[in-house]
file final14.pdb (PDB, C-alpha atoms)
ATOM      1  CA  MET A   1     151.629 104.924 183.608
ATOM      2  CA  SER A   2     154.795 102.876 184.084
ATOM      3  CA  PHE A   3     157.254 103.861 186.799
ATOM      4  CA  ILE A   4     159.678 105.084 184.159
ATOM      5  CA  GLY A   5     157.041 107.343 182.616
ATOM      6  CA  GLU A   6     156.396 109.021 185.945
ATOM      7  CA  GLU A   7     160.124 109.318 186.628
ATOM      8  CA  ILE A   8     160.830 110.893 183.254
ATOM      9  CA  ALA A   9     158.146 113.473 183.978
ATOM     10  CA  ARG A  10     159.666 114.255 187.408
ATOM     11  CA  GLN A  11     162.964 115.411 185.956
ATOM     12  CA  PRO A  12     162.321 119.173 185.701
ATOM     13  CA  ALA A  13     161.183 119.375 189.349
ATOM     14  CA  ALA A  14     164.113 117.242 190.499
ATOM     15  CA  TRP A  15     166.589 119.395 188.582
ATOM     16  CA  ARG A  16     165.263 122.473 190.367
ATOM     17  CA  LYS A  17     165.809 120.787 193.735
ATOM     18  CA  ALA A  18     169.307 119.824 192.578
ATOM     19  CA  ALA A  19     170.412 123.448 192.679
ATOM     20  CA  SER A  20     169.601 123.614 196.407
ATOM     21  CA  ALA A  21     171.260 120.240 196.970
ATOM     22  CA  ALA A  22     174.436 121.535 195.325
ATOM     23  CA  THR A  23     174.446 124.594 197.563
ATOM     24  CA  ALA A  24     174.041 122.450 200.673
ATOM     25  CA  ALA A  25     176.870 120.171 199.506
ATOM     26  CA  SER A  26     179.185 122.942 198.336
ATOM     27  CA  THR A  27     181.937 122.066 200.817
ATOM     28  CA  LEU A  28     181.833 118.398 199.814
ATOM     29  CA  LEU A  29     182.015 118.795 196.049
ATOM     30  CA  PRO A  30     185.368 119.329 194.293
ATOM     31  CA  ALA A  31     186.973 122.716 194.771
ATOM     32  CA  PRO A  32     188.660 124.577 191.907
ATOM     33  CA  GLY A  33     192.161 123.290 191.327
ATOM     34  CA  GLU A  34     191.668 119.868 192.891
ATOM     35  CA  ARG A  35     192.658 116.787 190.919
ATOM     36  CA  VAL A  36     189.503 114.689 190.898
ATOM     37  CA  ALA A  37     188.366 111.209 189.878
ATOM     38  CA  VAL A  38     184.667 110.554 189.280
ATOM     39  CA  ILE A  39     183.489 106.957 189.304
ATOM     40  CA  GLY A  40     180.344 104.931 188.749
ATOM     41  CA  CYS A  41     178.939 101.892 186.980
ATOM     42  CA  GLY A  42     176.701 101.842 183.920
ATOM     43  CA  THR A  43     174.603 104.984 183.729
ATOM     44  CA  SER A  44     176.511 106.546 186.638
ATOM     45  CA  TRP A  45     179.789 106.053 184.761
ATOM     46  CA  PHE A  46     178.410 107.970 181.783
ATOM     47  CA  MET A  47     177.246 110.822 184.038
ATOM     48  CA  ALA A  48     180.730 110.792 185.561
ATOM     49  CA  GLU A  49     182.252 111.169 182.100
ATOM     50  CA  ALA A  50     180.015 114.124 181.259
ATOM     51  CA  TYR A  51     180.842 115.923 184.518
ATOM     52  CA  ALA A  52     184.561 115.178 184.325
ATOM     53  CA  THR A  53     184.826 116.660 180.846
ATOM     54  CA  LEU A  54     182.757 119.704 181.797
ATOM     55  CA  ARG A  55     184.879 120.406 184.875
ATOM     56  CA  GLU A  56     188.208 120.042 183.122
ATOM     57  CA  THR A  57     187.240 122.056 180.032
ATOM     58  CA  ARG A  58     186.125 124.884 182.319
ATOM     59  CA  GLY A  59     189.633 125.028 183.742
ATOM     60  CA  LEU A  60     188.619 123.914 187.225
ATOM     61  CA  GLY A  61     191.134 121.106 187.544
ATOM     62  CA  GLU A  62     192.243 117.824 186.053
ATOM     63  CA  THR A  63     189.289 115.451 186.198
ATOM     64  CA  ASP A  64     189.119 111.797 185.168
ATOM     65  CA  ALA A  65     186.143 109.449 184.933
ATOM     66  CA  PHE A  66     186.347 105.691 185.438
ATOM     67  CA  ALA A  67     184.129 102.674 185.603
ATOM     68  CA  ALA A  68     184.520 101.735 189.264
ATOM     69  CA  SER A  69     186.016  98.347 188.390
ATOM     70  CA  GLU A  70     188.774 100.029 186.350
ATOM     71  CA  PHE A  71     189.913 102.693 188.779
ATOM     72  CA  PRO A  72     193.732 103.024 188.971
ATOM     73  CA  HIS A  73     194.292 102.799 192.709
ATOM     74  CA  GLY A  74     197.941 103.800 192.392
ATOM     75  CA  ARG A  75     197.124 107.168 190.854
ATOM     76  CA  ASP A  76     196.989 110.221 193.100
ATOM     77  CA  TYR A  77     193.846 112.355 193.400
ATOM     78  CA  ASP A  78     192.750 115.088 195.786
ATOM     79  CA  ARG A  79     189.160 113.831 195.893
ATOM     80  CA  ILE A  80     187.025 110.978 194.593
ATOM     81  CA  VAL A  81     183.380 111.482 193.656
ATOM     82  CA  ALA A  82     181.209 108.371 193.412
ATOM     83  CA  ILE A  83     177.759 108.209 191.825
ATOM     84  CA  SER A  84     175.511 105.323 192.871
ATOM     85  CA  ARG A  85     171.721 105.388 192.846
ATOM     86  CA  SER A  86     171.333 102.265 194.959
ATOM     87  CA  GLY A  87     174.329 102.700 197.276
ATOM     88  CA  THR A  88     174.898  98.941 197.075
ATOM     89  CA  THR A  89     176.877  98.412 193.866
ATOM     90  CA  THR A  90     179.746  96.077 194.673
ATOM     91  CA  GLU A  91     182.461  97.704 192.569
ATOM     92  CA  VAL A  92     181.703 101.171 193.939
ATOM     93  CA  LEU A  93     181.708  99.999 197.552
ATOM     94  CA  ASP A  94     184.965  98.092 197.060
ATOM     95  CA  LEU A  95     186.662 101.156 195.601
ATOM     96  CA  LEU A  96     185.482 103.498 198.354
ATOM     97  CA  THR A  97     186.524 101.035 201.044
ATOM     98  CA  ARG A  98     190.012 100.725 199.556
ATOM     99  CA  GLN A  99     190.370 104.496 199.381
ATOM    100  CA  ARG A 100     189.191 105.220 202.931
ATOM    101  CA  GLY A 101     191.810 107.234 204.793
ATOM    102  CA  ARG A 102     193.903 107.806 201.649
ATOM    103  CA  ARG A 103     191.938 110.731 200.166
ATOM    104  CA  PRO A 104     188.514 112.373 200.677
ATOM    105  CA  THR A 105     185.559 110.604 199.061
ATOM    106  CA  VAL A 106     182.024 111.828 198.498
ATOM    107  CA  ALA A 107     179.112 109.774 197.166
ATOM    108  CA  LEU A 108     175.922 110.934 195.474
ATOM    109  CA  THR A 109     173.169 108.403 196.200
ATOM    110  CA  ALA A 110     169.402 108.055 196.356
ATOM    111  CA  ASP A 111     169.428 105.786 199.411
ATOM    112  CA  THR A 112     171.298 106.830 202.538
ATOM    113  CA  THR A 113     170.299 103.668 204.430
ATOM    114  CA  THR A 114     172.711 101.569 202.347
ATOM    115  CA  PRO A 115     176.390 100.586 202.847
ATOM    116  CA  ILE A 116     177.666 103.522 200.798
ATOM    117  CA  THR A 117     177.118 105.818 203.775
ATOM    118  CA  GLU A 118     179.768 103.868 205.674
ATOM    119  CA  ALA A 119     182.094 103.397 202.702
ATOM    120  CA  ALA A 120     182.278 107.072 201.701
ATOM    121  CA  ASP A 121     183.563 109.907 203.879
ATOM    122  CA  HIS A 122     180.625 112.103 202.900
ATOM    123  CA  VAL A 123     177.260 111.532 201.222
ATOM    124  CA  VAL A 124     175.051 113.825 199.160
ATOM    125  CA  ASP A 125     171.458 112.694 199.679
ATOM    126  CA  LEU A 126     169.461 112.653 196.435
ATOM    127  CA  GLY A 127     166.586 110.653 197.853
ATOM    128  CA  PHE A 128     164.148 113.076 196.231
ATOM    129  CA  ALA A 129     165.296 111.669 192.859
ATOM    130  CA  ASP A 130     165.044 107.978 193.741
ATOM    131  CA  GLU A 131     163.311 105.616 191.318
ATOM    132  CA  ARG A 132     161.313 102.399 191.235
ATOM    133  CA  SER A 133     162.148 101.555 187.637
ATOM    134  CA  VAL A 134     165.300  99.530 187.049
ATOM    135  CA  VAL A 135     166.121 101.788 184.082
ATOM    136  CA  GLN A 136     167.566 105.044 185.411
ATOM    137  CA  THR A 137     166.343 108.434 184.248
ATOM    138  CA  VAL A 138     165.621 111.016 186.946
ATOM    139  CA  PHE A 139     168.369 110.002 189.378
ATOM    140  CA  ALA A 140     171.096 110.089 186.748
ATOM    141  CA  THR A 141     170.196 113.475 185.323
ATOM    142  CA  THR A 142     169.614 114.935 188.774
ATOM    143  CA  ALA A 143     173.048 113.799 189.937
ATOM    144  CA  LEU A 144     174.566 115.426 186.873
ATOM    145  CA  THR A 145     172.578 118.594 187.580
ATOM    146  CA  VAL A 146     173.941 118.741 191.138
ATOM    147  CA  LEU A 147     177.464 118.405 189.824
ATOM    148  CA  ARG A 148     176.891 121.002 187.103
ATOM    149  CA  ALA A 149     175.437 123.408 189.663
ATOM    150  CA  GLY A 150     178.566 122.771 191.734
ATOM    151  CA  LEU A 151     180.583 124.067 188.784
ATOM    152  CA  GLY A 152     178.638 127.320 188.965
ATOM    153  CA  GLU A 153     176.404 126.575 185.993
ATOM    154  CA  PRO A 154     172.879 128.043 186.061
ATOM    155  CA  VAL A 155     170.589 125.017 185.924
ATOM    156  CA  ALA A 156     167.116 126.557 186.251
ATOM    157  CA  ALA A 157     166.909 127.044 182.492
ATOM    158  CA  LEU A 158     167.606 123.339 181.974
ATOM    159  CA  ALA A 159     164.506 122.436 183.973
ATOM    160  CA  ASP A 160     162.363 124.870 182.017
ATOM    161  CA  ALA A 161     163.592 123.462 178.718
ATOM    162  CA  ALA A 162     163.022 119.881 179.869
ATOM    163  CA  GLU A 163     159.401 120.684 180.692
ATOM    164  CA  ALA A 164     158.835 121.771 177.109
ATOM    165  CA  VAL A 165     160.398 118.557 175.791
ATOM    166  CA  LEU A 166     157.952 116.473 177.853
ATOM    167  CA  ASP A 167     155.044 117.750 175.752
ATOM    168  CA  GLU A 168     156.542 117.216 172.302
ATOM    169  CA  PRO A 169     155.129 114.539 169.986
ATOM    170  CA  LEU A 170     157.436 111.612 169.176
ATOM    171  CA  PRO A 171     157.735 111.049 165.413
ATOM    172  CA  ASP A 172     156.723 107.548 164.365
ATOM    173  CA  ALA A 173     159.966 107.212 162.404
ATOM    174  CA  TRP A 174     161.860 107.379 165.707
ATOM    175  CA  VAL A 175     159.726 104.794 167.456
ATOM    176  CA  THR A 176     159.942 102.326 164.576
ATOM    177  CA  ALA A 177     163.636 102.878 163.786
ATOM    178  CA  GLU A 178     165.546  99.648 163.218
ATOM    179  CA  GLN A 179     168.793 101.044 164.633
ATOM    180  CA  ILE A 180     170.013 104.276 166.277
ATOM    181  CA  THR A 181     173.520 105.702 166.535
ATOM    182  CA  PHE A 182     174.103 108.516 169.045
ATOM    183  CA  LEU A 183     176.918 111.019 168.477
ATOM    184  CA  ALA A 184     178.376 113.936 170.413
ATOM    185  CA  ARG A 185     181.552 115.856 171.114
ATOM    186  CA  GLY A 186     183.140 116.908 174.397
ATOM    187  CA  TRP A 187     181.139 116.420 177.574
ATOM    188  CA  ALA A 188     178.048 115.407 175.596
ATOM    189  CA  HIS A 189     179.754 112.158 174.582
ATOM    190  CA  GLY A 190     178.794 110.830 178.022
ATOM    191  CA  ILE A 191     175.200 111.800 177.217
ATOM    192  CA  ALA A 192     175.400 109.951 173.895
ATOM    193  CA  ARG A 193     176.657 106.801 175.618
ATOM    194  CA  GLU A 194     173.841 107.059 178.143
ATOM    195  CA  ALA A 195     171.238 107.524 175.395
ATOM    196  CA  ALA A 196     172.422 104.365 173.668
ATOM    197  CA  LEU A 197     172.304 102.460 176.945
ATOM    198  CA  LYS A 198     168.752 103.641 177.709
ATOM    199  CA  MET A 199     167.470 102.335 174.389
ATOM    200  CA  ARG A 200     169.269  99.009 174.816
ATOM    201  CA  GLU A 201     168.006  98.524 178.356
ATOM    202  CA  ALA A 202     164.388  99.497 177.804
ATOM    203  CA  THR A 203     163.798  98.298 174.236
ATOM    204  CA  GLN A 204     166.416  95.588 173.604
ATOM    205  CA  GLY A 205     167.272  97.718 170.569
ATOM    206  CA  TRP A 206     170.418  97.925 168.484
ATOM    207  CA  THR A 207     172.116 101.177 169.428
ATOM    208  CA  GLU A 208     175.662 102.495 169.270
ATOM    209  CA  SER A 209     177.452 105.666 170.373
ATOM    210  CA  TYR A 210     180.626 107.408 169.219
ATOM    211  CA  PRO A 211     182.463 110.717 169.397
ATOM    212  CA  SER A 212     181.131 112.733 166.478
ATOM    213  CA  MET A 213     184.356 112.875 164.502
ATOM    214  CA  GLU A 214     184.832 109.109 164.779
ATOM    215  CA  TYR A 215     181.563 108.396 163.002
ATOM    216  CA  ARG A 216     183.035 108.707 159.520
ATOM    217  CA  HIS A 217     185.837 106.301 160.466
ATOM    218  CA  GLY A 218     183.722 103.180 159.983
ATOM    219  CA  PRO A 219     180.442 103.375 161.941
ATOM    220  CA  ILE A 220     178.686 105.331 159.187
ATOM    221  CA  ALA A 221     178.718 102.104 157.171
ATOM    222  CA  ILE A 222     175.594 100.898 159.002
ATOM    223  CA  ALA A 223     173.559 104.034 158.269
ATOM    224  CA  ALA A 224     170.590 103.187 156.055
ATOM    225  CA  PRO A 225     166.920 103.980 155.485
ATOM    226  CA  GLY A 226     164.844 103.221 158.557
ATOM    227  CA  ARG A 227     167.741 104.006 160.903
ATOM    228  CA  LEU A 228     168.563 107.139 162.929
ATOM    229  CA  VAL A 229     171.724 109.125 163.512
ATOM    230  CA  TRP A 230     171.091 111.281 166.588
ATOM    231  CA  HIS A 231     173.542 114.092 167.278
ATOM    232  CA  PHE A 232     173.724 115.797 170.680
ATOM    233  CA  GLY A 233     174.805 119.413 170.467
ATOM    234  CA  PRO A 234     175.695 121.465 167.366
ATOM    235  CA  ASP A 235     176.736 119.602 164.256
ATOM    236  CA  ALA A 236     179.716 121.789 163.428
ATOM    237  CA  ASP A 237     181.396 119.117 161.290
ATOM    238  CA  GLY A 238     178.995 118.569 158.412
ATOM    239  CA  LEU A 239     177.790 115.192 159.620
ATOM    240  CA  ARG A 240     174.257 115.798 158.389
ATOM    241  CA  GLU A 241     175.594 116.123 154.854
ATOM    242  CA  SER A 242     177.638 112.942 155.254
ATOM    243  CA  VAL A 243     174.618 110.998 156.499
ATOM    244  CA  ALA A 244     172.139 112.251 153.887
ATOM    245  CA  PRO A 245     173.237 109.919 151.028
ATOM    246  CA  THR A 246     172.778 106.860 153.268
ATOM    247  CA  GLY A 247     169.048 107.442 153.679
ATOM    248  CA  ALA A 248     169.269 107.432 157.488
ATOM    249  CA  LEU A 249     167.355 110.120 159.353
ATOM    250  CA  PHE A 250     169.593 112.723 161.018
ATOM    251  CA  VAL A 251     168.187 114.056 164.320
ATOM    252  CA  GLN A 252     169.534 117.147 166.041
ATOM    253  CA  TYR A 253     168.121 119.733 168.432
ATOM    254  CA  PRO A 254     169.613 123.009 169.654
ATOM    255  CA  GLU A 255     169.054 122.481 173.391
ATOM    256  CA  ASP A 256     171.598 121.519 175.985
ATOM    257  CA  PRO A 257     172.406 117.796 175.487
ATOM    258  CA  GLN A 258     171.078 116.952 178.959
ATOM    259  CA  VAL A 259     167.702 118.340 177.912
ATOM    260  CA  ASP A 260     167.830 116.476 174.619
ATOM    261  CA  LEU A 261     168.447 113.267 176.577
ATOM    262  CA  VAL A 262     164.922 113.588 177.979
ATOM    263  CA  ARG A 263     163.636 113.050 174.429
ATOM    264  CA  VAL A 264     165.534 109.782 174.316
ATOM    265  CA  HIS A 265     164.092 108.779 177.689
ATOM    266  CA  ARG A 266     160.615 109.320 176.290
ATOM    267  CA  LEU A 267     161.511 107.468 173.112
ATOM    268  CA  ALA A 268     162.815 104.504 175.115
ATOM    269  CA  ALA A 269     159.603 104.267 177.127
ATOM    270  CA  GLU A 270     157.354 104.582 174.073
ATOM    271  CA  THR A 271     159.340 102.121 171.975
ATOM    272  CA  ALA A 272     159.281  99.583 174.795
ATOM    273  CA  ALA A 273     155.524  99.957 175.070
ATOM    274  CA  ARG A 274     155.093  99.455 171.311
ATOM    275  CA  LYS A 275     157.142  96.253 171.554
ATOM    276  CA  GLY A 276     155.167  94.975 174.502
ATOM    277  CA  LEU A 277     158.188  95.206 176.814
ATOM    278  CA  ASP A 278     158.239  96.356 180.437
ATOM    279  CA  PRO A 279     160.871  99.118 180.737
ATOM    280  CA  ASP A 280     160.577  99.016 184.523
ATOM    281  CA  ARG A 281     161.809  95.412 184.596
ATOM    282  CA  PRO A 282     164.158  94.952 181.634
ATOM    283  CA  ARG A 283     165.524  91.576 180.708
ATOM    284  CA  ALA A 284     168.482  90.332 182.790
ATOM    285  CA  LEU A 285     168.801  93.586 184.751
ATOM    286  CA  THR A 286     168.302  94.525 188.396
ATOM    287  CA  ARG A 287     168.327  97.825 190.290
ATOM    288  CA  SER A 288     171.847  97.162 191.573
ATOM    289  CA  VAL A 289     174.641  94.766 190.714
ATOM    290  CA  VAL A 290     175.684  93.091 193.956
ATOM    291  CA  LEU A 291     178.326  90.461 193.326
ATOM    292  CA  GLY A 292     178.620  87.279 195.393
ATOM    293  CA  SER A 293     181.524  86.903 197.800
TER     294      SER A 293
END
call {"tool": "encode", "arguments": {"input": "final14.pdb", "output": "structure tokens"}}
result
Amino acid sequence: MSFIGEEIARQPAAWRKAASAATAASTLLPAPGERVAVIGCGTSWFMAEAYATLRETRGLGETDAFAASEFPHGRDYDRIVAISRSGTTTEVLDLLTRQRGRRPTVALTADTTTPITEAADHVVDLGFADERSVVQTVFATTALTVLRAGLGEPVAALADAAEAVLDEPLPDAWVTAEQITFLARGWAHGIAREAALKMREATQGWTESYPSMEYRHGPIAIAAPGRLVWHFGPDADGLRESVAPTGALFVQYPEDPQVDLVRVHRLAAETAARKGLDPDRPRALTRSVVLGS
């Protein structure tokens, strides 16, 4: 089994540990009413978006998500949350260093021996969800689970549902799809962006992602037989009916979008294998982006 296959399978167990990690870090995570910025790069940015939208829509405080390189340093926040699997990503470290002493910062990382432990005021250790594959799966979803648990969400049911998803067959029409568009509303839009990234990274495939209601405003033009339109969360807007005449296959499941993302993880690994690609070492990618001085 590839590293990514083993890491996909570890997600339910890691999510269960995440609940305890959230309890241990309860004084470090954002408190209700705080104005918060959540930052990351790549996959971590998309997890930041999902958490930020969840927190704000639950009325717990204004919450923004940024790619670390695009953070508005002149804007005032009560706390900054950084997500970084490696703890070495240049843009994240630069941001935390610039913010030191200006406002509290907390970093979620899988490696506490890295420079992020000096750059951030506090660190949440997610070493139990570290990975050997370049393509992130278990760390990203575990970080999101910690943050969701910190919002008071019950996460045990997510782990149970993810276990069931691990045993499902993958339809051949998914694995052989020429193109996939991922759609979602609200917090699940971050999940849709992450799903598209996973397929691009692991399979070199053509994928796109959009807010659900934006799909009819142009992107639907590429829907065709042999292609997928994958919707995270309920399709309350009649998108299935809009897609049907195009011949594209509409995919939707009732579970929490984070659970549904595990299906995409499995699809990415299987599609890569069918193409003869190594999802653990994708083209032009490394575990961490460390920029030269």
call {"tool": "resolve_selection", "arguments": {"input": "final14.pdb", "expression": "the PyMOL selection byres ((chain A and resi 226) around 8)", "output": "ChimeraX atom specification"}}
result
/A:173,176-179,224-225,227-228,247-249
call {"tool": "write_last_selection", "arguments": {"input": "final14.pdb", "atoms": "C-alpha atoms", "output": "PDB file, in the frame of the given file"}}
result
ATOM      1  CA  ALA A 173     159.966 107.212 162.404  1.00  0.00           C
ATOM      2  CA  THR A 176     159.942 102.326 164.576  1.00  0.00           C
ATOM      3  CA  ALA A 177     163.636 102.878 163.786  1.00  0.00           C
ATOM      4  CA  GLU A 178     165.546  99.648 163.218  1.00  0.00           C
ATOM      5  CA  GLN A 179     168.793 101.044 164.633  1.00  0.00           C
ATOM      6  CA  ALA A 224     170.590 103.187 156.055  1.00  0.00           C
ATOM      7  CA  PRO A 225     166.920 103.980 155.485  1.00  0.00           C
ATOM      8  CA  ARG A 227     167.741 104.006 160.903  1.00  0.00           C
ATOM      9  CA  LEU A 228     168.563 107.139 162.929  1.00  0.00           C
ATOM     10  CA  GLY A 247     169.048 107.442 153.679  1.00  0.00           C
ATOM     11  CA  ALA A 248     169.269 107.432 157.488  1.00  0.00           C
ATOM     12  CA  LEU A 249     167.355 110.120 159.353  1.00  0.00           C
TER      13      LEU A 249
END
call {"tool": "resolve_selection", "arguments": {"input": "final14.pdb", "expression": "the PyMOL selection byres ((chain A and resi 148) around 12)", "output": "PyMOL selection string"}}
result
chain A and resi 15+18-19+21-23+26+29-30+47-48+50-55+58+141-147+149-156+158+187+258
call {"tool": "write_last_selection", "arguments": {"input": "final14.pdb", "atoms": "C-alpha atoms", "output": "PDB file, in the coordinates of the input"}}
result
ATOM      1  CA  TRP A  15     166.589 119.395 188.582  1.00  0.00           C
ATOM      2  CA  ALA A  18     169.307 119.824 192.578  1.00  0.00           C
ATOM      3  CA  ALA A  19     170.412 123.448 192.679  1.00  0.00           C
ATOM      4  CA  ALA A  21     171.260 120.240 196.970  1.00  0.00           C
ATOM      5  CA  ALA A  22     174.436 121.535 195.325  1.00  0.00           C
ATOM      6  CA  THR A  23     174.446 124.594 197.563  1.00  0.00           C
ATOM      7  CA  SER A  26     179.185 122.942 198.336  1.00  0.00           C
ATOM      8  CA  LEU A  29     182.015 118.795 196.049  1.00  0.00           C
ATOM      9  CA  PRO A  30     185.368 119.329 194.293  1.00  0.00           C
ATOM     10  CA  MET A  47     177.246 110.822 184.038  1.00  0.00           C
ATOM     11  CA  ALA A  48     180.730 110.792 185.561  1.00  0.00           C
ATOM     12  CA  ALA A  50     180.015 114.124 181.259  1.00  0.00           C
ATOM     13  CA  TYR A  51     180.842 115.923 184.518  1.00  0.00           C
ATOM     14  CA  ALA A  52     184.561 115.178 184.325  1.00  0.00           C
ATOM     15  CA  THR A  53     184.826 116.660 180.846  1.00  0.00           C
ATOM     16  CA  LEU A  54     182.757 119.704 181.797  1.00  0.00           C
ATOM     17  CA  ARG A  55     184.879 120.406 184.875  1.00  0.00           C
ATOM     18  CA  ARG A  58     186.125 124.884 182.319  1.00  0.00           C
ATOM     19  CA  THR A 141     170.196 113.475 185.323  1.00  0.00           C
ATOM     20  CA  THR A 142     169.614 114.935 188.774  1.00  0.00           C
ATOM     21  CA  ALA A 143     173.048 113.799 189.937  1.00  0.00           C
ATOM     22  CA  LEU A 144     174.566 115.426 186.873  1.00  0.00           C
ATOM     23  CA  THR A 145     172.578 118.594 187.580  1.00  0.00           C
ATOM     24  CA  VAL A 146     173.941 118.741 191.138  1.00  0.00           C
ATOM     25  CA  LEU A 147     177.464 118.405 189.824  1.00  0.00           C
ATOM     26  CA  ALA A 149     175.437 123.408 189.663  1.00  0.00           C
ATOM     27  CA  GLY A 150     178.566 122.771 191.734  1.00  0.00           C
ATOM     28  CA  LEU A 151     180.583 124.067 188.784  1.00  0.00           C
ATOM     29  CA  GLY A 152     178.638 127.320 188.965  1.00  0.00           C
ATOM     30  CA  GLU A 153     176.404 126.575 185.993  1.00  0.00           C
ATOM     31  CA  PRO A 154     172.879 128.043 186.061  1.00  0.00           C
ATOM     32  CA  VAL A 155     170.589 125.017 185.924  1.00  0.00           C
ATOM     33  CA  ALA A 156     167.116 126.557 186.251  1.00  0.00           C
ATOM     34  CA  LEU A 158     167.606 123.339 181.974  1.00  0.00           C
ATOM     35  CA  TRP A 187     181.139 116.420 177.574  1.00  0.00           C
ATOM     36  CA  GLN A 258     171.078 116.952 178.959  1.00  0.00           C
TER      37      GLN A 258
END
call {"tool": "closest_residue", "arguments": {"input": "final14.pdb", "among": "A:Leu261, A:Leu267, A:Val175, A:Ala25", "to": "A:Ala140", "atoms": "only C-alpha atoms"}}
result
A:Leu261
call {"tool": "atom_distance", "arguments": {"input": "final14.pdb", "atom1": "atom CA of A:Thr63", "atom2": "atom CA of A:Val124"}}
result
19.3 Å
call {"tool": "resolve_selection", "arguments": {"input": "final14.pdb", "expression": "the PyMOL selection byres ((chain A and resi 71-78) around 8)", "output": "PyMOL selection string"}}
result
chain A and resi 34-37+39+66-70+79-80+95+99+103-104
call {"tool": "write_last_selection", "arguments": {"input": "final14.pdb", "atoms": "C-alpha atoms", "output": "PDB file, keeping the file's coordinate frame"}}
result
ATOM      1  CA  GLU A  34     191.668 119.868 192.891  1.00  0.00           C
ATOM      2  CA  ARG A  35     192.658 116.787 190.919  1.00  0.00           C
ATOM      3  CA  VAL A  36     189.503 114.689 190.898  1.00  0.00           C
ATOM      4  CA  ALA A  37     188.366 111.209 189.878  1.00  0.00           C
ATOM      5  CA  ILE A  39     183.489 106.957 189.304  1.00  0.00           C
ATOM      6  CA  PHE A  66     186.347 105.691 185.438  1.00  0.00           C
ATOM      7  CA  ALA A  67     184.129 102.674 185.603  1.00  0.00           C
ATOM      8  CA  ALA A  68     184.520 101.735 189.264  1.00  0.00           C
ATOM      9  CA  SER A  69     186.016  98.347 188.390  1.00  0.00           C
ATOM     10  CA  GLU A  70     188.774 100.029 186.350  1.00  0.00           C
ATOM     11  CA  ARG A  79     189.160 113.831 195.893  1.00  0.00           C
ATOM     12  CA  ILE A  80     187.025 110.978 194.593  1.00  0.00           C
ATOM     13  CA  LEU A  95     186.662 101.156 195.601  1.00  0.00           C
ATOM     14  CA  GLN A  99     190.370 104.496 199.381  1.00  0.00           C
ATOM     15  CA  ARG A 103     191.938 110.731 200.166  1.00  0.00           C
ATOM     16  CA  PRO A 104     188.514 112.373 200.677  1.00  0.00           C
TER      17      PRO A 104
END
call {"tool": "atom_distance", "arguments": {"input": "final14.pdb", "atom1": "atom CA of A:Phe128", "atom2": "atom CA of A:Thr97"}}
result
25.9 Å
call {"tool": "closest_residue", "arguments": {"input": "final14.pdb", "among": "A:Gly218, A:Arg100, A:Ala192, A:Leu28", "to": "A:Val123", "atoms": "only C-alpha atoms"}}
result
A:Leu28
call {"tool": "atom_distance", "arguments": {"input": "final14.pdb", "atom1": "atom CA of A:Leu239", "atom2": "atom CA of A:Glu255"}}
result
17.9 Å
call {"tool": "residues_near_point", "arguments": {"input": "final14.pdb", "point": "(169.8, 97.6, 169.3)", "cutoff": "10 Å", "atoms": "all atoms listed in the file", "output": "JSON, numbers by chain"}}
result
{"A": [177, 178, 179, 180, 181, 196, 197, 199, 200, 201, 203, 204, 205, 206, 207, 208]}
call {"tool": "write_last_selection", "arguments": {"input": "final14.pdb", "atoms": "C-alpha atoms", "output": "short mmCIF file (atom, residue, chain, number, x, y, z; two decimals), keeping the file's coordinate frame"}}
result
data_model
loop_
_atom_site.label_atom_id
_atom_site.label_comp_id
_atom_site.auth_asym_id
_atom_site.auth_seq_id
_atom_site.Cartn_x
_atom_site.Cartn_y
_atom_site.Cartn_z
CA ALA A 177 163.64 102.88 163.79
CA GLU A 178 165.55 99.65 163.22
CA GLN A 179 168.79 101.04 164.63
CA ILE A 180 170.01 104.28 166.28
CA THR A 181 173.52 105.70 166.54
CA ALA A 196 172.42 104.36 173.67
CA LEU A 197 172.30 102.46 176.94
CA MET A 199 167.47 102.34 174.39
CA ARG A 200 169.27 99.01 174.82
CA GLU A 201 168.01 98.52 178.36
CA THR A 203 163.80 98.30 174.24
CA GLN A 204 166.42 95.59 173.60
CA GLY A 205 167.27 97.72 170.57
CA TRP A 206 170.42 97.92 168.48
CA THR A 207 172.12 101.18 169.43
CA GLU A 208 175.66 102.50 169.27
#
call {"tool": "residues_around", "arguments": {"input": "final14.pdb", "residues": "stretch 160-168 of chain A", "least_positions_apart": "3", "cutoff": "6 Å", "atoms": "only C-alpha atoms", "output": "list in words"}}
result
Pro12, Ala157 and Val259 of chain A
